[in-house]
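> I have a structure here, written as structure tokens, and I will follow up with some questions on it.
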Amino acid sequence: MQRFLSTNSTVTAPVSVDVPLLSNQDVIMNISLIKEYHENMSKKDASLFVMQGLQRLGIAHVAYKRNPALTSEERFRAMLLRAAMVKDALIVIDRPFKIISHLENAGFLFQSLSEIDDLFIHCHIFEYRWMKEKYGDLCL
Amino acid sequence: MSIKSVFDSGYLKLLRSCAKIEFLTDMGCSMEWIEKIGRSIGKAGKSFGGTLAFSGKVLARMLRRKTYSSATREVLVNQIYFTSVQILPAFLLVSILFSSLLVGIVFQVLKDFGLTEFFGHVLMGLIVTELSPIFAVLLITLRSASAINVEMAVMKSNRELKTLETFRIDLMNYLVVPRIINGMVSMVLLSSLFAIVLMASGVLFSGLIFDMSVDVYRNILLNSTSFSDIFIALVKCAIFGFFITLIPIRFGLRATSELTSVPVVVSGGMVNVFLAVLIIEVLSLLTKLL
């Protein structure tokens, strides 16, 4: 995965336990930071844009919470939305079951991705071979 | 050879070898000390050079227009709010108490020693331009510099800095520059505020102790004001602000992924901030003398 990230570094946007949310900022600031920094979008516009994304993912209520106060599902979705904020994003999800360990299958992941599918171009999921079962027929 | 002589010669041999060993140990000890001192000087020199090089990089970034993205501006505003605005009630309270006490004592001493004619120079030259920056630097260091040091170290330990790098957010632009500009702005503002509180309490105490009217007090202050001193004091405040935020950031960034490294870099950072404050104070006094 590291090799993949380094060869596609200009547009890759990882969702991984190794790339955590900033703990001294709330969720909305964590996500809007990407738009504010890369596109110089104003705080107001970026926050509005992010809030719409959070509403689509059904986690608008966590907008002003910080990382330690989130459940695994909320954290995953917040990290996914943050990755989708990268322009023409190539989202890379690194071992999603490490982020939400209690999931029985990948249904939640694909549902989350389908809710914001207009915000990214591609998504790659990197997973251990022995987790293949959890992905069912969706596995390549 | 009798038994005694064998014993004697053996004893002498032993004595000689002991002396020799002791001599060598002494030499070893002194060499070790010299090496230790050399290593410490080398380390301090390297650290000082590193801090200056880092300062150069930060200054270069501060002068670039591209640095100030919307995100950077937001961090800057937040930092100024945390450092200069949130502290205001406590700062004002402490300033009023401390300045009243200080001005009261100084005016009384001047009166007792018959040095009433120097009170304007003492108030402006010593209390306003020298003590105000020190007071502000102490408060900002204790409250904000330590917080910045811990914040950086914890972010490094939690791999949050790696997160920023992964999303191609420049650490210097997003974390370092706004905090340092905030340090400079806050130092100038809080030091000026302390000076204003001090001069206001001077009105009260000059009336009580010297029976002086407000107009006379104002004239004395204006006559004893040296604008070069005020300029030096403001520049000194900005330099204080620059270094009391830069050093904690630099030390915070030295933390490793282990949480145990956090207290080590924080204590190192704070000791170095104290040394920097001393060095800047001495340099500013030398500037005044020259």
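In the structure tokens, chains take letters A, B, ... by order of appearance, with residues numbered from 1 within each chain and ligands from 1 in the order shown.
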Just need the residues of chain A within 6 Å of chain B, counting only C-alpha atoms, so spit them out as number ranges by chain.

A: 19, 22, 36-37, 40, 42

> Name all residues at most 9 Å from B:Thr141 (count only C-alpha atoms; drop same-chain ones fewer than 5 positions away) and give them as a PDB file with N, CA and C atoms, in the first residue's frame.


```
ATOM      1  N   ALA B 136       4.842  40.446  30.609  1.00  0.00           N
ATOM      2  CA  ALA B 136       4.051  39.803  29.548  1.00  0.00           C
ATOM      3  C   ALA B 136       4.703  38.504  29.097  1.00  0.00           C
ATOM      4  N   SER B 146       4.094  26.872  26.964  1.00  0.00           N
ATOM      5  CA  SER B 146       4.083  25.487  27.474  1.00  0.00           C
ATOM      6  C   SER B 146       2.992  24.686  26.770  1.00  0.00           C
ATOM      7  N   ALA B 147       1.829  25.330  26.531  1.00  0.00           N
ATOM      8  CA  ALA B 147       0.730  24.627  25.854  1.00  0.00           C
ATOM      9  C   ALA B 147       1.122  24.263  24.424  1.00  0.00           C
ATOM     10  N   ILE B 244       9.733  32.784  22.054  1.00  0.00           N
ATOM     11  CA  ILE B 244       9.035  31.971  23.072  1.00  0.00           C
ATOM     12  C   ILE B 244       7.967  31.068  22.441  1.00  0.00           C
ATOM     13  N   THR B 245       7.706  31.262  21.159  1.00  0.00           N
ATOM     14  CA  THR B 245       6.835  30.283  20.481  1.00  0.00           C
ATOM     15  C   THR B 245       7.653  29.366  19.573  1.00  0.00           C
ATOM     16  N   MET B 270      11.104  24.296  27.574  1.00  0.00           N
ATOM     17  CA  MET B 270      10.848  25.386  28.512  1.00  0.00           C
ATOM     18  C   MET B 270      12.150  25.948  29.094  1.00  0.00           C
ATOM     19  N   VAL B 273      13.522  28.150  26.467  1.00  0.00           N
ATOM     20  CA  VAL B 273      12.771  29.409  26.376  1.00  0.00           C
ATOM     21  C   VAL B 273      13.287  30.378  27.431  1.00  0.00           C
ATOM     22  N   PHE B 274      13.504  29.863  28.632  1.00  0.00           N
ATOM     23  CA  PHE B 274      14.009  30.699  29.725  1.00  0.00           C
ATOM     24  C   PHE B 274      15.376  31.287  29.352  1.00  0.00           C
TER      25      PHE B 274
END
```

> Please report the interatomic distance between atom CA of B:Ala233 and atom CA of B:Ala44 in Å with one decimal.

27.9 Å

> List every residue of chain A that DSSP, applied to the backbone of this structure, assigns to alpha helix (DSSP H), and report them as a ChimeraX atom specification.

/A:2-7,27-39,43-56,72-84,96-99,107-115,132-135

> Could you please determine the separation between atom CA of B:Ser157 and atom CA of B:Gly269 in Å, to one decimal place?

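Computed distance, atom CA of B:Ser157 to atom CA of B:Gly269, equals 16.1 Å.
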
> Using DSSP secondary structure from the backbone, list all strand (DSSP E) positions within chain A, as an NGL selection string.

:A and (12-15 or 89-94 or 120-126)

> Let's have the selection written as an mmCIF file, in the first residue's frame, with C-alpha atoms.


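Saved the output as again.cif:
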```
data_model
loop_
_atom_site.group_PDB
_atom_site.id
_atom_site.type_symbol
_atom_site.label_atom_id
_atom_site.label_comp_id
_atom_site.auth_asym_id
_atom_site.auth_seq_id
_atom_site.Cartn_x
_atom_site.Cartn_y
_atom_site.Cartn_z
ATOM 1 C CA THR A 12 -4.426 9.873 -2.959
ATOM 2 C CA ALA A 13 -6.506 10.434 0.142
ATOM 3 C CA PRO A 14 -6.072 7.716 2.751
ATOM 4 C CA VAL A 15 -8.600 6.444 5.263
ATOM 5 C CA ALA A 89 -9.681 12.126 -4.854
ATOM 6 C CA LEU A 90 -8.352 8.625 -5.238
ATOM 7 C CA ILE A 91 -9.533 7.291 -1.888
ATOM 8 C CA VAL A 92 -7.434 4.540 -0.364
ATOM 9 C CA ILE A 93 -9.066 2.673 2.492
ATOM 10 C CA ASP A 94 -6.443 0.832 4.484
ATOM 11 C CA PHE A 120 -14.430 11.003 -5.456
ATOM 12 C CA ILE A 121 -13.227 9.379 -8.653
ATOM 13 C CA HIS A 122 -11.798 6.054 -7.496
ATOM 14 C CA CYS A 123 -11.615 4.095 -4.285
ATOM 15 C CA HIS A 124 -9.162 1.329 -3.498
ATOM 16 C CA ILE A 125 -9.511 -0.886 -0.463
ATOM 17 C CA PHE A 126 -6.425 -2.643 0.864
#
```

> Pick out the closest residue to A:Arg75 from this set: A:Asn24, A:Ser32, A:Val62, A:Ile116. Count only C-alpha atoms.

A:Val62

> Between B:Leu142, B:Ala276, B:Leu115, B:Ile127, which has the minimum distance to B:Ala195 (counting only C-alpha atoms)?

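The shortest atom-to-atom distance to B:Ala195 comes from B:Ile127.
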
> In Å to one decimal, how far is atom CA of B:Asn149 from atom CA of B:Ile181?

15.7 Å

> From the list B:Glu117, B:Leu131, B:Val197, B:Phe54, which residue is nearest B:Phe91 when using only C-alpha atoms?

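Nearest to B:Phe91: B:Val197.
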
> List the neighbours of B:Lys156 out to 7 Å using only C-alpha atoms; skip same-chain residues closer than 6 positions along the sequence, and give me the result as a list in words.

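These residues fall inside the cut-off: Leu253, Ala255, Thr256 and Ser257 of chain B.
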
> Would you write out those residues with all heavy atoms, as a PDB file, in the first residue's frame?


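Output file again_14.pdb is given in full below:
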```pdb
ATOM      1  N   LEU B 253       8.472  19.304  18.180  1.00  0.00           N
ATOM      2  CA  LEU B 253       8.609  18.492  16.965  1.00  0.00           C
ATOM      3  C   LEU B 253       9.678  17.407  17.118  1.00  0.00           C
ATOM      4  O   LEU B 253       9.774  16.519  16.282  1.00  0.00           O
ATOM      5  CB  LEU B 253       8.947  19.390  15.763  1.00  0.00           C
ATOM      6  CG  LEU B 253       7.847  20.361  15.319  1.00  0.00           C
ATOM      7  CD1 LEU B 253       8.334  21.238  14.181  1.00  0.00           C
ATOM      8  CD2 LEU B 253       6.590  19.624  14.888  1.00  0.00           C
ATOM      9  N   ALA B 255       9.692  15.265  19.517  1.00  0.00           N
ATOM     10  CA  ALA B 255       9.114  14.109  20.217  1.00  0.00           C
ATOM     11  C   ALA B 255       9.099  12.897  19.292  1.00  0.00           C
ATOM     12  O   ALA B 255       9.085  13.038  18.068  1.00  0.00           O
ATOM     13  CB  ALA B 255       7.698  14.445  20.673  1.00  0.00           C
ATOM     14  N   THR B 256       9.112  11.719  19.896  1.00  0.00           N
ATOM     15  CA  THR B 256       9.048  10.497  19.094  1.00  0.00           C
ATOM     16  C   THR B 256       7.626   9.918  19.200  1.00  0.00           C
ATOM     17  O   THR B 256       6.753  10.544  19.795  1.00  0.00           O
ATOM     18  CB  THR B 256      10.058   9.456  19.613  1.00  0.00           C
ATOM     19  OG1 THR B 256       9.695   9.145  20.963  1.00  0.00           O
ATOM     20  CG2 THR B 256      11.468   9.995  19.574  1.00  0.00           C
ATOM     21  N   SER B 257       7.434   8.734  18.660  1.00  0.00           N
ATOM     22  CA  SER B 257       6.094   8.136  18.712  1.00  0.00           C
ATOM     23  C   SER B 257       5.756   7.635  20.120  1.00  0.00           C
ATOM     24  O   SER B 257       4.622   7.266  20.395  1.00  0.00           O
ATOM     25  CB  SER B 257       5.989   6.998  17.701  1.00  0.00           C
ATOM     26  OG  SER B 257       7.018   6.086  17.945  1.00  0.00           O
TER      27      SER B 257
END
```

> Might you pull out every residue within 7 Å of stretch 205-220 of chain B, with only C-alpha atoms counted and same-chain residues fewer than 2 positions away left off, and present them as a list of chain:residue names?

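Surrounding residues, per the criterion: B:Gly104, B:Gln108, B:Gly120, B:Ser201, B:Gly202, B:Val203, B:Leu222, B:Asn223, B:Ser224.
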
> Now that the selection is made, can you save its residues with N, CA and C atoms as a compact mmCIF listing (two decimals), in the first residue's frame?


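File selection.txt, as written:
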```txt
# COMPACT_ATOMS: atom_id res chain seq x y z
N GLY B 104 3.28 51.99 43.49
CA GLY B 104 3.16 52.52 44.85
C GLY B 104 4.49 52.46 45.58
N GLN B 108 6.99 55.67 46.49
CA GLN B 108 7.27 55.93 47.90
C GLN B 108 8.78 55.97 48.16
N GLY B 120 9.66 60.39 36.56
CA GLY B 120 9.22 60.18 35.17
C GLY B 120 10.16 59.23 34.45
N SER B 201 -2.28 53.42 36.85
CA SER B 201 -2.15 53.37 38.31
C SER B 201 -1.15 54.42 38.79
N GLY B 202 -0.25 54.83 37.88
CA GLY B 202 0.68 55.91 38.20
C GLY B 202 -0.05 57.22 38.47
N VAL B 203 -1.15 57.45 37.73
CA VAL B 203 -1.96 58.67 37.94
C VAL B 203 -2.45 58.70 39.39
N LEU B 222 5.53 62.72 29.37
CA LEU B 222 5.88 63.06 27.99
C LEU B 222 7.32 63.56 27.89
N ASN B 223 7.74 64.34 28.90
CA ASN B 223 9.12 64.87 28.88
C ASN B 223 10.16 63.77 29.09
N SER B 224 9.77 62.74 29.83
CA SER B 224 10.76 61.69 30.09
C SER B 224 10.64 60.52 29.11
```

> Name all residues at most 9 Å from B:Val106 (count only C-alpha atoms; drop same-chain ones fewer than 5 positions away) and give them as a list of chain:residue names.

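Non-adjacent residues within range: B:Leu101, B:Lys111, B:Phe119, B:Val122, B:Leu123.
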
> With a distance cut-off of 7 Å and only C-alpha atoms, select the neighbouring residues of A:Leu57, excluding the residue or stretch itself and same-chain residues fewer than 3 positions from it, and output the selection as a list in words.

Gly53, Leu54, Ser112 and Glu115 of chain A
